[in-house]
file work14.txt (compact mmCIF, C-alpha atoms)
# COMPACT_ATOMS: atom_id res chain seq x y z
CA MET K 276 146.34 61.13 126.93
CA LYS K 277 146.48 61.66 130.68
CA HIS K 278 143.45 60.72 132.83
CA LEU K 279 140.82 61.88 130.32
CA THR K 280 137.53 59.94 130.33
CA PRO K 281 134.01 60.83 129.14
CA GLU K 282 132.98 61.23 132.80
CA THR K 283 135.83 63.70 133.33
CA VAL K 284 134.85 65.65 130.21
CA ALA K 285 131.29 65.95 131.50
CA ALA K 286 132.42 67.00 134.97
CA VAL K 287 134.86 69.63 133.70
CA THR K 288 132.55 71.13 131.07
CA GLY K 289 129.28 70.85 132.96
CA GLY K 290 128.00 68.69 130.13
CA ARG K 291 125.23 66.11 130.20
CA ILE K 292 126.05 62.57 129.03
CA SER K 293 123.71 60.61 126.78
CA GLY K 294 124.26 57.38 124.92
CA PRO K 295 126.64 54.49 125.67
CA VAL K 296 129.64 55.47 127.81
CA PRO K 297 132.79 53.64 126.68
CA ALA K 298 135.26 52.21 129.16
CA GLY K 299 138.83 53.43 129.29
CA GLU K 300 140.49 56.76 128.59
CA ILE K 301 140.15 59.03 125.57
CA VAL K 302 143.21 58.76 123.30
CA SER K 303 143.04 62.15 121.52
CA VAL K 304 140.87 65.21 120.86
CA THR K 305 139.98 66.62 117.46
CA THR K 306 137.63 69.14 115.85
CA ASP K 307 138.36 67.90 112.32
CA SER K 308 136.30 65.00 111.04
CA ARG K 309 139.19 64.01 108.76
CA THR K 310 141.42 63.21 111.75
CA ILE K 311 138.93 61.16 113.77
CA GLU K 312 140.50 57.96 115.13
CA PRO K 313 139.22 55.14 117.34
CA GLY K 314 138.96 56.23 120.97
CA CYS K 315 139.09 59.97 120.32
CA LEU K 316 136.86 62.80 121.51
CA PHE K 317 135.28 64.63 118.59
CA ALA K 318 134.31 68.22 119.44
CA ALA K 319 131.49 69.35 117.17
CA ILE K 320 132.03 73.07 116.52
CA PRO K 321 129.18 74.90 114.75
CA GLY K 322 130.55 77.27 112.11
CA ALA K 323 129.26 79.72 109.54
CA ARG K 324 129.85 77.31 106.65
CA VAL K 325 130.22 73.89 108.28
CA ASP K 326 128.52 72.54 111.40
CA GLY K 327 130.55 69.89 113.20
CA HIS K 328 127.34 68.30 114.50
CA ASP K 329 126.72 66.99 110.96
CA PHE K 330 129.83 64.81 111.34
CA ILE K 331 128.95 63.13 114.64
CA PRO K 332 127.48 60.06 112.85
CA GLN K 333 130.73 59.81 110.89
CA ALA K 334 132.68 60.03 114.16
CA ALA K 335 130.60 57.13 115.50
CA LYS K 336 131.35 54.98 112.44
CA LYS K 337 135.07 55.71 112.77
CA GLY K 338 135.11 54.53 116.37
CA ALA K 339 135.31 57.81 118.27
CA ALA K 340 134.82 57.36 122.01
CA CYS K 341 132.46 60.29 122.39
CA ALA K 342 131.36 63.62 120.96
CA LEU K 343 131.30 67.00 122.71
CA CYS K 344 128.35 68.92 121.31
CA GLU K 345 125.73 71.61 121.79
CA ARG K 346 122.86 69.37 120.71
CA THR K 347 122.56 65.63 120.48
CA VAL K 348 122.05 63.91 117.13
CA ASP K 349 120.86 60.48 116.06
CA ALA K 350 124.09 58.49 116.29
CA ASP K 351 125.30 55.46 118.24
CA ILE K 352 127.95 57.27 120.24
CA CYS K 353 128.38 58.78 123.69
CA GLN K 354 127.45 62.47 123.44
CA ILE K 355 128.33 65.11 126.02
CA GLN K 356 126.05 68.10 125.59
CA ALA K 357 127.23 71.53 126.78
CA PRO K 358 125.80 75.02 126.08
CA ASP K 359 128.81 76.10 124.00
CA THR K 360 131.16 73.54 122.47
CA GLN K 361 134.02 75.97 121.97
CA ALA K 362 133.81 77.28 125.56
CA ALA K 363 133.60 73.70 126.82
CA LEU K 364 136.69 72.79 124.79
CA ARG K 365 138.60 75.69 126.34
CA ALA K 366 137.56 74.63 129.85
CA LEU K 367 138.65 71.08 129.14
CA ALA K 368 142.00 72.26 127.73
CA ALA K 369 142.61 74.38 130.83
CA TRP K 370 141.90 71.37 133.05
CA TYR K 371 144.14 69.13 130.95
CA ARG K 372 147.02 71.60 131.04
CA GLY K 373 146.72 71.48 134.84
CA GLN K 374 147.69 67.81 134.80
CA PHE K 375 151.26 68.77 133.81
CA ASP K 376 153.76 70.35 136.19
CA ILE K 377 156.25 71.42 133.52
CA PRO K 378 157.45 74.79 132.15
CA PHE K 379 154.97 76.36 129.73
CA VAL K 380 156.31 79.08 127.42
CA GLY K 381 153.69 81.36 125.86
CA VAL K 382 154.86 83.23 122.75
CA THR K 383 153.06 86.29 121.39
CA GLY K 384 153.74 89.52 119.49
CA SER K 385 152.92 91.23 116.21
CA VAL K 386 155.83 89.79 114.24
CA GLY K 387 157.87 86.60 114.39
CA LYS K 388 155.76 84.48 116.73
CA THR K 389 156.22 81.26 114.77
CA THR K 390 159.93 81.86 114.23
CA ALA K 391 160.37 82.52 117.96
CA LYS K 392 158.32 79.46 118.88
CA GLU K 393 160.40 77.24 116.62
CA MET K 394 163.69 78.67 117.89
CA ILE K 395 162.71 78.38 121.57
CA ALA K 396 161.52 74.80 121.04
CA SER K 397 164.74 73.94 119.20
CA VAL K 398 166.80 75.24 122.13
CA LEU K 399 164.71 73.55 124.83
CA SER K 400 164.72 70.27 122.92
CA GLN K 401 168.44 69.99 123.59
CA ARG K 402 167.53 69.02 127.16
CA PHE K 403 163.76 68.53 127.43
CA ASN K 404 161.16 66.48 125.58
CA THR K 405 159.38 69.57 124.28
CA LEU K 406 155.88 69.99 122.88
CA LYS K 407 155.41 72.89 120.46
CA THR K 408 152.54 74.41 118.52
CA GLU K 409 152.20 72.85 115.08
CA LYS K 410 150.95 74.49 111.89
CA ASN K 411 148.89 77.62 112.65
CA PHE K 412 147.22 76.23 115.79
CA ASN K 413 147.69 79.44 117.77
CA ASN K 414 144.10 80.68 118.23
CA GLU K 415 141.09 79.79 120.37
CA LEU K 416 140.54 76.54 118.47
CA GLY K 417 144.18 75.71 117.84
CA VAL K 418 145.58 76.28 121.34
CA PRO K 419 143.28 73.68 122.96
CA LEU K 420 144.32 71.14 120.32
CA THR K 421 147.96 71.94 121.03
CA LEU K 422 147.46 71.37 124.76
CA PHE K 423 145.65 68.09 124.13
CA ARG K 424 148.80 66.78 122.44
CA LEU K 425 150.60 66.78 125.80
CA ARG K 426 151.67 63.32 126.92
CA GLU K 427 153.25 61.83 130.04
CA GLY K 428 156.78 62.15 128.66
CA HIS K 429 156.69 65.86 127.89
CA GLU K 430 159.04 68.00 129.99
CA ALA K 431 158.34 71.46 128.50
CA ALA K 432 155.82 73.12 126.18
CA VAL K 433 156.14 76.10 123.83
CA VAL K 434 152.73 77.48 122.83
CA GLU K 435 152.23 80.18 120.19
CA MET K 436 149.39 82.57 121.05
CA GLY K 437 147.90 84.70 118.29
CA ILE K 438 145.03 87.17 118.56
CA SER K 439 143.24 89.87 116.59
CA GLY K 440 140.95 91.40 119.22
CA PHE K 441 140.61 92.31 122.88
CA GLY K 442 139.74 89.47 125.24
CA GLU K 443 141.16 86.72 123.03
CA MET K 444 144.55 86.63 124.77
CA ARG K 445 142.81 86.42 128.13
CA ARG K 446 140.98 83.29 126.99
CA LEU K 447 144.17 81.76 125.57
CA ALA K 448 146.14 82.52 128.74
CA GLU K 449 143.42 80.98 130.91
CA MET K 450 144.19 77.72 129.13
CA VAL K 451 147.98 77.92 128.82
CA ARG K 452 148.88 79.69 132.09
CA PRO K 453 152.48 80.29 130.94
CA SER K 454 155.34 80.18 133.39
CA ILE K 455 157.38 82.18 130.85
CA GLY K 456 155.74 84.79 128.60
CA VAL K 457 157.67 85.90 125.50
CA TYR K 458 156.87 89.12 123.61
CA THR K 459 158.57 89.34 120.19
CA LEU K 460 157.61 92.85 119.03
CA ILE K 461 154.63 95.22 119.08
CA GLY K 462 153.86 96.40 115.55
CA ASP K 463 151.09 97.66 113.28
CA ALA K 464 149.01 94.48 113.14
CA HIS K 465 145.23 93.98 113.49
CA LEU K 466 144.77 97.74 113.83
CA GLU K 467 141.26 97.34 112.43
CA PHE K 468 140.31 95.75 115.76
CA LEU K 469 142.96 97.05 118.18
CA GLY K 470 143.19 100.70 117.09
CA ASP K 471 146.87 101.48 117.47
CA ARG K 472 150.13 100.01 118.75
CA PRO K 473 149.35 100.80 122.42
CA GLY K 474 146.08 98.95 121.81
CA VAL K 475 148.03 96.00 120.42
CA LEU K 476 150.13 95.94 123.60
CA ARG K 477 147.06 96.14 125.84
CA ALA K 478 145.47 93.19 124.04
CA LYS K 479 148.60 91.04 124.10
CA GLY K 480 149.36 92.15 127.64
CA GLU K 481 146.30 90.21 128.80
CA MET K 482 148.56 87.16 128.91
CA VAL K 483 150.08 88.39 132.18
CA GLU K 484 146.72 88.12 133.97
CA HIS K 485 146.84 84.33 133.87
CA MET K 486 150.52 83.55 134.12
CA ALA K 487 151.66 80.97 136.62
CA PRO K 488 152.78 82.31 140.04
CA GLY K 489 156.38 83.48 139.86
CA GLY K 490 156.24 83.62 136.08
CA VAL K 491 158.73 85.73 134.14
CA ILE K 492 158.32 87.96 131.09
CA ILE K 493 160.91 87.93 128.30
CA ALA K 494 160.42 91.02 126.12
CA ASN K 495 162.11 92.82 123.23
CA GLY K 496 164.11 95.63 124.83
CA ASP K 497 164.63 97.33 121.46
CA ASP K 498 160.87 97.88 121.18
CA GLU K 499 160.05 101.15 122.96
CA LEU K 500 156.57 100.06 124.04
CA LEU K 501 157.78 96.77 125.49
CA ARG K 502 160.88 98.33 127.03
CA GLU K 503 158.87 100.89 128.99
CA HIS K 504 155.88 98.70 129.85
CA ASP K 505 155.41 97.56 133.46
CA PHE K 506 154.33 93.93 133.30
CA GLY K 507 154.04 93.76 137.08
CA ARG K 508 156.49 90.89 137.38
CA ARG K 509 160.12 90.09 136.74
CA THR K 510 161.02 91.05 133.20
CA VAL K 511 164.08 90.07 131.17
CA LEU K 512 164.81 92.27 128.16
CA PHE K 513 166.54 90.91 125.05
CA GLY K 514 167.87 92.85 122.07
CA LEU K 515 170.86 94.73 120.74
CA GLY K 516 170.80 97.64 123.18
CA GLU K 517 173.01 97.80 126.24
CA ASN K 518 169.87 98.02 128.40
CA CYS K 519 169.11 94.39 127.54
CA ALA K 520 170.05 91.61 129.96
CA VAL K 521 170.37 89.18 127.05
CA ARG K 522 171.91 90.94 124.06
CA ALA K 523 173.69 90.20 120.82
CA VAL K 524 177.00 91.66 119.67
CA ASP K 525 179.30 91.11 116.70
CA ALA K 526 176.47 90.06 114.37
CA VAL K 527 177.78 88.94 110.98
CA SER K 528 175.71 87.93 107.96
CA ASP K 529 176.61 84.86 105.94
CA GLY K 530 174.20 85.94 103.22
CA THR K 531 171.41 83.52 102.51
CA GLU K 532 173.18 80.89 104.64
CA GLY K 533 172.35 82.65 107.89
CA MET K 534 173.83 84.77 110.66
CA ARG K 535 176.48 84.56 113.37
CA CYS K 536 176.63 86.51 116.61
CA THR K 537 177.69 86.39 120.23
CA ILE K 538 175.02 86.42 122.93
CA LEU K 539 175.92 88.15 126.20
CA ALA K 540 174.09 87.42 129.47
CA GLY K 541 175.89 88.57 132.59
CA ASP K 542 179.29 86.87 132.54
CA ARG K 543 178.22 84.38 129.89
CA ARG K 544 179.27 84.67 126.24
CA ILE K 545 177.60 82.27 123.82
CA SER K 546 178.77 82.17 120.20
CA VAL K 547 175.92 81.02 117.96
CA THR K 548 175.41 80.23 114.29
CA ILE K 549 171.87 80.79 113.03
CA PRO K 550 171.05 78.72 109.91
CA ALA K 551 168.38 81.06 108.53
CA PHE K 552 168.40 84.23 106.46
CA GLY K 553 167.73 87.72 107.83
CA GLU K 554 169.03 89.91 110.61
CA HIS K 555 165.72 89.45 112.44
CA MET K 556 166.92 85.90 113.14
CA VAL K 557 169.32 87.36 115.70
CA TYR K 558 166.28 88.31 117.77
CA ALA K 559 164.92 84.77 117.46
CA ALA K 560 168.23 83.41 118.74
CA LEU K 561 168.10 85.86 121.65
CA MET K 562 164.62 84.67 122.61
CA GLY K 563 165.73 81.06 122.46
CA ALA K 564 168.77 81.86 124.58
CA ALA K 565 166.79 83.90 127.12
CA VAL K 566 164.30 81.07 127.68
CA GLY K 567 167.10 78.53 127.79
CA LEU K 568 168.93 80.57 130.41
CA GLU K 569 165.78 80.80 132.53
CA LEU K 570 165.44 77.02 132.47
CA GLY K 571 169.06 76.27 133.27
CA LEU K 572 170.47 75.18 129.92
CA THR K 573 174.22 75.27 129.37
CA ASP K 574 175.93 77.51 126.82
CA GLU K 575 176.60 74.44 124.68
CA GLU K 576 172.96 73.38 124.74
CA ILE K 577 171.80 76.86 123.76
CA ALA K 578 174.29 77.10 120.88
CA ALA K 579 173.31 73.62 119.65
CA GLY K 580 169.62 74.51 119.80
CA VAL K 581 170.11 77.69 117.79
CA ALA K 582 172.16 75.80 115.21
CA ALA K 583 169.40 73.16 114.90
CA TYR K 584 166.69 75.70 114.02
CA GLU K 585 164.71 74.98 110.84
CA THR K 586 162.61 77.49 108.87
CA VAL K 587 158.90 76.65 108.73
CA GLY K 588 156.82 77.21 105.60
CA SER K 589 156.73 80.56 103.81
CA ARG K 590 158.44 82.55 106.55
CA GLY K 591 161.68 83.96 105.19
CA ARG K 592 162.40 80.82 103.17
CA VAL K 593 165.10 81.26 100.52
CA LEU K 594 164.59 79.45 97.20
CA ARG K 595 166.74 79.46 94.08
CA ALA K 596 165.71 78.56 90.54
CA GLY K 597 166.56 79.80 87.06
CA GLY K 598 169.25 82.12 88.38
CA VAL K 599 166.72 83.93 90.61
CA THR K 600 166.88 84.09 94.42
CA VAL K 601 163.39 84.21 95.91
CA LEU K 602 162.70 85.31 99.47
CA ASP K 603 159.43 83.51 100.17
CA ASP K 604 157.81 85.44 103.04
CA CYS K 605 154.20 85.24 101.93
CA TYR K 606 152.70 83.53 104.98
CA ASN K 607 151.51 86.86 106.39
CA ALA K 608 152.26 90.58 106.37
CA ASN K 609 151.87 93.80 108.29
CA PRO K 610 153.79 97.06 107.94
CA THR K 611 156.38 96.09 110.56
CA SER K 612 157.18 92.67 109.12
CA THR K 613 157.10 93.95 105.53
CA ARG K 614 159.56 96.72 106.26
CA SER K 615 161.89 94.19 107.90
CA ALA K 616 161.60 91.84 104.91
CA ILE K 617 162.45 94.65 102.49
CA GLU K 618 165.53 95.48 104.54
CA SER K 619 166.59 91.83 104.39
CA LEU K 620 166.04 91.75 100.62
CA ALA K 621 168.21 94.81 100.17
CA ARG K 622 171.17 92.97 101.75
CA LEU K 623 171.13 90.22 99.13
CA PRO K 624 173.33 90.49 96.05
CA GLY K 625 171.74 91.28 92.70
CA ARG K 626 168.91 93.47 91.49
CA HIS K 627 166.23 93.81 94.17
CA VAL K 628 162.58 93.27 93.22
CA ALA K 629 159.84 93.55 95.84
CA ILE K 630 156.51 91.90 94.97
CA LEU K 631 154.15 93.20 97.64
CA GLY K 632 150.46 92.58 98.26
CA ASP K 633 147.64 93.63 100.54
CA MET K 634 148.34 93.91 104.27
CA ARG K 635 144.96 93.12 105.79
CA GLU K 636 143.17 94.25 108.99
CA LEU K 637 144.82 97.68 109.25
CA GLY K 638 141.59 99.64 109.60
CA PRO K 639 141.32 103.34 108.62
CA ALA K 640 145.13 103.71 108.70
CA GLY K 641 145.48 101.04 106.01
CA PRO K 642 145.77 103.26 102.89
CA GLU K 643 148.45 105.49 104.42
CA LEU K 644 150.39 102.52 105.84
CA HIS K 645 150.36 100.89 102.40
CA ARG K 646 151.62 104.12 100.81
CA GLN K 647 154.41 104.35 103.39
CA ILE K 648 155.51 100.80 102.59
CA GLY K 649 155.48 101.64 98.90
CA ALA K 650 157.71 104.67 99.45
CA PHE K 651 160.08 102.63 101.61
CA ALA K 652 160.25 99.81 99.05
CA ALA K 653 160.98 102.27 96.24
CA LYS K 654 163.85 103.69 98.27
CA MET K 655 165.35 100.31 99.10
CA CYS K 656 164.68 98.28 95.92
CA ASP K 657 165.37 98.49 92.21
CA ALA K 658 161.81 97.55 91.27
CA VAL K 659 158.49 97.37 93.12
CA VAL K 660 155.52 95.30 91.96
CA ALA K 661 152.22 95.77 93.80
CA CYS K 662 149.43 93.22 93.65
CA GLY K 663 145.93 93.32 95.12
CA PRO K 664 143.16 95.88 95.70
CA GLU K 665 144.71 97.45 98.80
CA ALA K 666 148.19 97.23 97.30
CA LYS K 667 147.15 99.93 94.80
CA ASP K 668 148.20 102.29 97.60
CA ILE K 669 151.63 100.60 97.69
CA ALA K 670 152.01 101.42 94.00
CA ASP K 671 150.90 105.02 94.61
CA GLY K 672 153.43 105.37 97.42
CA ALA K 673 156.24 103.87 95.37
CA GLY K 674 155.54 106.02 92.33
CA GLY K 675 157.89 105.91 89.36
CA ASP K 676 157.66 102.83 87.17
CA THR K 677 155.93 100.69 89.79
CA ARG K 678 153.61 98.10 88.26
CA TRP K 679 150.26 97.24 89.85
CA PHE K 680 148.14 94.14 89.22
CA PRO K 681 144.67 93.47 90.65
CA SER K 682 145.43 89.82 91.51
CA ALA K 683 148.13 87.17 91.57
CA GLU K 684 146.50 85.46 88.61
CA GLU K 685 146.93 88.62 86.52
CA LEU K 686 150.49 89.19 87.74
CA ILE K 687 151.89 85.72 87.07
CA PRO K 688 151.87 85.93 83.23
CA ALA K 689 153.94 89.13 83.47
CA LEU K 690 156.67 87.67 85.71
CA GLY K 691 158.90 86.83 82.75
CA ALA K 692 159.15 90.52 81.87
CA LEU K 693 159.47 91.72 85.48
CA VAL K 694 162.10 89.31 86.82
CA ARG K 695 165.38 88.30 85.20
CA PRO K 696 168.29 85.98 86.08
CA GLY K 697 170.45 87.38 88.86
CA ASP K 698 167.53 89.10 90.61
CA ALA K 699 166.71 88.77 94.29
CA VAL K 700 162.93 88.81 94.68
CA LEU K 701 160.83 89.29 97.81
CA VAL K 702 157.27 87.92 97.75
CA LYS K 703 155.17 89.16 100.69
CA ALA K 704 151.50 89.75 101.49
CA SER K 705 148.81 88.79 103.95
CA ARG K 706 147.97 85.09 103.91
CA ALA K 707 144.57 85.59 102.28
CA MET K 708 146.27 86.86 99.11
CA GLY K 709 147.56 83.39 98.24
CA PHE K 710 150.95 84.62 97.09
CA GLU K 711 152.39 81.09 97.22
CA LYS K 712 151.13 80.89 93.63
CA ILE K 713 153.60 83.62 92.73
CA VAL K 714 156.43 81.83 94.54
CA ASN K 715 155.60 78.62 92.68
CA ALA K 716 155.55 80.44 89.35
CA LEU K 717 158.90 82.07 90.07
CA THR K 718 160.70 78.96 91.24
CA ASP K 719 158.92 75.85 89.96
CA THR K 720 159.34 74.69 93.57
CA LYS K 721 159.89 71.07 92.53
CA ALA K 722 163.18 72.15 91.05
CA ALA K 723 163.99 74.81 93.64
CA LYS K 724 166.68 74.08 96.18
call {"tool": "encode", "arguments": {"input": "work14.txt", "output": "structure tokens"}}
result
Amino acid sequence: MKHLTPETVAAVTGGRISGPVPAGEIVSVTTDSRTIEPGCLFAAIPGARVDGHDFIPQAAKKGAACALCERTVDADICQIQAPDTQAALRALAAWYRGQFDIPFVGVTGSVGKTTAKEMIASVLSQRFNTLKTEKNFNNELGVPLTLFRLREGHEAAVVEMGISGFGEMRRLAEMVRPSIGVYTLIGDAHLEFLGDRPGVLRAKGEMVEHMAPGGVIIANGDDELLREHDFGRRTVLFGLGENCAVRAVDAVSDGTEGMRCTILAGDRRISVTIPAFGEHMVYAALMGAAVGLELGLTDEEIAAGVAAYETVGSRGRVLRAGGVTVLDDCYNANPTSTRSAIESLARLPGRHVAILGDMRELGPAGPELHRQIGAFAAKMCDAVVACGPEAKDIADGAGGDTRWFPSAEELIPALGALVRPGDAVLVKASRAMGFEKIVNALTDTKAAK
């Protein structure tokens, strides 16, 4: 790490040091006792089920340099006591980010944040040693850990920023201070906490308050809310519309193999091949290109970065087994992303089966939004299968012969009668539904390719 010592941690966080202070710099920062290594800083986060303070003695035995905590415990280790460990960790992450004079790209939106982050990082990696958010480290605990992975050799950083309530983006942006802010799309997500789509934009718009001086916004110009919003700074729109400064034309689908299109930006024409399924991937390529253009990449570097993109986890992954094509999109779901996934399914050959589950955190509008998705799925697909308590409204909206199951465990034994060789099957629900079990049952993922 860069210039991080126990004394610096105490100074930045306002913490009080007790116990033996080790010489030298801290090598890493973790909140997970399973990843403690010699020389690291272990941040003890108190939680509803697990209290990190209980693992400070374990951190000492594993050779951690020090522990950041709210109360000291009986352990032979340097302990830095602050009033609030999580707030102290954020302050430390903000300080650490300040040690790096490199481009920081903050990525947010209701849909496609991870896909955009991966695409942007793939493009920037053609020229820069680029740090990117790993796994789902996009919240108030994950973003600090992402920033602490910065090392001397990094030349750019792409940080995913996810929220569910007001004020969260402000705290994330205070740490990241993006020089480029990317907005993918404003959709019906986290409505339980944010109220409506304008509320979603207000919450995510907090990022602008802490952007670096001279920072630029890159926003989806095909999204009415984003297109008409005044971010108070230079804004570059991307999309398919002629109003967009970075836009795609001549989009062609290669089926499950991916997409091709031409990206226009002023006098520049960049032909790209996108190795991932779904027309939404054109937008990901546009975001990668727009950021690349801002940072001076050549057309060849941008095209190479788009071509090098790799799908992450259960986000539009295409699997094949037993004559069935499975669109594994069960990492998360809201009405906007689910509608898009259904449209992508409908473009695949074969009989179309949509297995849809609960879309969480939609608040009072949830039942009606589920019914609307059911009606849309029934219109676009040959068969709709709903699974989960809230998905009962999907079944009601779909009507007809739609089957409903209370849980994935009750659905799985019926898959043999619901799905047949030659089918194209979408599996999508909010992460808490655990629909990867359905994907595994459909594909026997060890044999899937």
call {"tool": "closest_residue", "arguments": {"input": "work14.txt", "among": "K:Pro550, K:Gly290, K:Gly322, K:Gly567", "to": "Leu399 (chain K)", "atoms": "all atoms listed in the file"}}
result
K:Gly567
call {"tool": "residues_near_point", "arguments": {"input": "work14.txt", "point": "(156.1, 103.3, 100.9)", "cutoff": "10 Å", "atoms": "all atoms listed in the file", "output": "list in words"}}
result
Pro610, Arg614, Glu643, Leu644, His645, Arg646, Gln647, Ile648, Gly649, Ala650, Phe651, Ala652, Ala653, Lys654, Met655, Asp668, Ile669, Ala670, Asp671, Gly672, Ala673 and Gly674 of chain K
call {"tool": "closest_residue", "arguments": {"input": "work14.txt", "among": "K:Leu425, K:Ser385, K:Leu570, K:Val398", "to": "Lys479 (chain K)", "atoms": "all atoms listed in the file"}}
result
K:Ser385
call {"tool": "atom_distance", "arguments": {"input": "work14.txt", "atom1": "CA of Ala391 (chain K)", "atom2": "CA of Arg424 (chain K)"}}
result
20.0 Å
call {"tool": "axis_aligned_box", "arguments": {"input": "work14.txt", "around": "region 567-581 of chain K", "padding_each_side": "8 Å", "output": "AutoDock Vina command-line options"}}
result
--center_x 171.0 --center_y 77.1 --center_z 125.5 --size_x 27.2 --size_y 23.4 --size_z 31.5
call {"tool": "residues_around", "arguments": {"input": "work14.txt", "residues": "region 518-532 of chain K", "least_positions_apart": "4", "cutoff": "8 Å", "atoms": "all atoms listed in the file", "output": "short mmCIF file (atom, residue, chain, number, x, y, z; two decimals) with C-alpha atoms, keeping the file's coordinate frame"}}
result
data_model
loop_
_atom_site.label_atom_id
_atom_site.label_comp_id
_atom_site.auth_asym_id
_atom_site.auth_seq_id
_atom_site.Cartn_x
_atom_site.Cartn_y
_atom_site.Cartn_z
CA GLY K 496 164.11 95.63 124.83
CA VAL K 511 164.08 90.07 131.17
CA LEU K 512 164.81 92.27 128.16
CA PHE K 513 166.54 90.91 125.05
CA GLY K 514 167.87 92.85 122.07
CA CYS K 536 176.63 86.51 116.61
CA THR K 537 177.69 86.39 120.23
CA ILE K 538 175.02 86.42 122.93
CA LEU K 539 175.92 88.15 126.20
CA ALA K 540 174.09 87.42 129.47
CA GLY K 541 175.89 88.57 132.59
CA PRO K 550 171.05 78.72 109.91
CA ALA K 551 168.38 81.06 108.53
CA PHE K 552 168.40 84.23 106.46
CA GLY K 553 167.73 87.72 107.83
CA GLU K 554 169.03 89.91 110.61
CA VAL K 557 169.32 87.36 115.70
CA LEU K 561 168.10 85.86 121.65
CA ALA K 564 168.77 81.86 124.58
CA ALA K 565 166.79 83.90 127.12
CA VAL K 593 165.10 81.26 100.52
CA ARG K 622 171.17 92.97 101.75
CA LEU K 623 171.13 90.22 99.13
#
call {"tool": "closest_residue", "arguments": {"input": "work14.txt", "among": "K:Ala285, K:Val714, K:Ala369, K:Ser303", "to": "Cys344 (chain K)", "atoms": "all atoms listed in the file"}}
result
K:Ala285
call {"tool": "atom_distance", "arguments": {"input": "work14.txt", "atom1": "CA of Ile352 (chain K)", "atom2": "CA of Arg324 (chain K)"}}
result
24.3 Å
call {"tool": "atom_distance", "arguments": {"input": "work14.txt", "atom1": "CA of Ser439 (chain K)", "atom2": "CA of Glu467 (chain K)"}}
result
8.8 Å
call {"tool": "residues_around", "arguments": {"input": "work14.txt", "residues": "region 702-707 of chain K", "least_positions_apart": "2", "cutoff": "9 Å", "atoms": "only C-alpha atoms", "output": "ChimeraX atom specification"}}
result
/K:601-609,613,616,628-635,662,700,709-711,713-714
call {"tool": "decode", "arguments": {"input": "work14.txt", "residues": "region 510-522 of chain K", "atoms": "N, CA and C atoms", "output": "short mmCIF file (atom, residue, chain, number, x, y, z; two decimals), in the first residue's frame"}}
result
data_model
loop_
_atom_site.label_atom_id
_atom_site.label_comp_id
_atom_site.auth_asym_id
_atom_site.auth_seq_id
_atom_site.Cartn_x
_atom_site.Cartn_y
_atom_site.Cartn_z
N THR K 510 -21.55 17.49 -19.77
CA THR K 510 -22.21 16.19 -19.85
C THR K 510 -22.12 15.65 -21.27
N VAL K 511 -21.71 14.40 -21.39
CA VAL K 511 -21.64 13.70 -22.68
C VAL K 511 -22.73 12.64 -22.68
N LEU K 512 -23.63 12.72 -23.66
CA LEU K 512 -24.70 11.74 -23.76
C LEU K 512 -24.29 10.60 -24.69
N PHE K 513 -24.63 9.38 -24.31
CA PHE K 513 -24.42 8.22 -25.18
C PHE K 513 -25.77 7.55 -25.43
N GLY K 514 -25.90 6.83 -26.53
CA GLY K 514 -27.14 6.13 -26.82
C GLY K 514 -27.32 5.88 -28.29
N LEU K 515 -28.56 5.66 -28.68
CA LEU K 515 -28.89 5.40 -30.08
C LEU K 515 -29.46 6.62 -30.77
N GLY K 516 -29.94 7.58 -30.00
CA GLY K 516 -30.56 8.77 -30.56
C GLY K 516 -29.57 9.74 -31.16
N GLU K 517 -30.03 10.52 -32.12
CA GLU K 517 -29.14 11.47 -32.79
C GLU K 517 -28.71 12.61 -31.87
N ASN K 518 -29.38 12.77 -30.75
CA ASN K 518 -28.98 13.78 -29.77
C ASN K 518 -27.74 13.39 -28.99
N CYS K 519 -27.28 12.17 -29.15
CA CYS K 519 -26.17 11.65 -28.36
C CYS K 519 -24.83 11.92 -29.04
N ALA K 520 -23.88 12.42 -28.27
CA ALA K 520 -22.55 12.72 -28.81
C ALA K 520 -21.77 11.45 -29.13
N VAL K 521 -22.05 10.39 -28.39
CA VAL K 521 -21.45 9.08 -28.67
C VAL K 521 -22.61 8.11 -28.90
N ARG K 522 -22.80 7.70 -30.15
CA ARG K 522 -23.98 6.89 -30.46
C ARG K 522 -23.62 5.70 -31.33
#
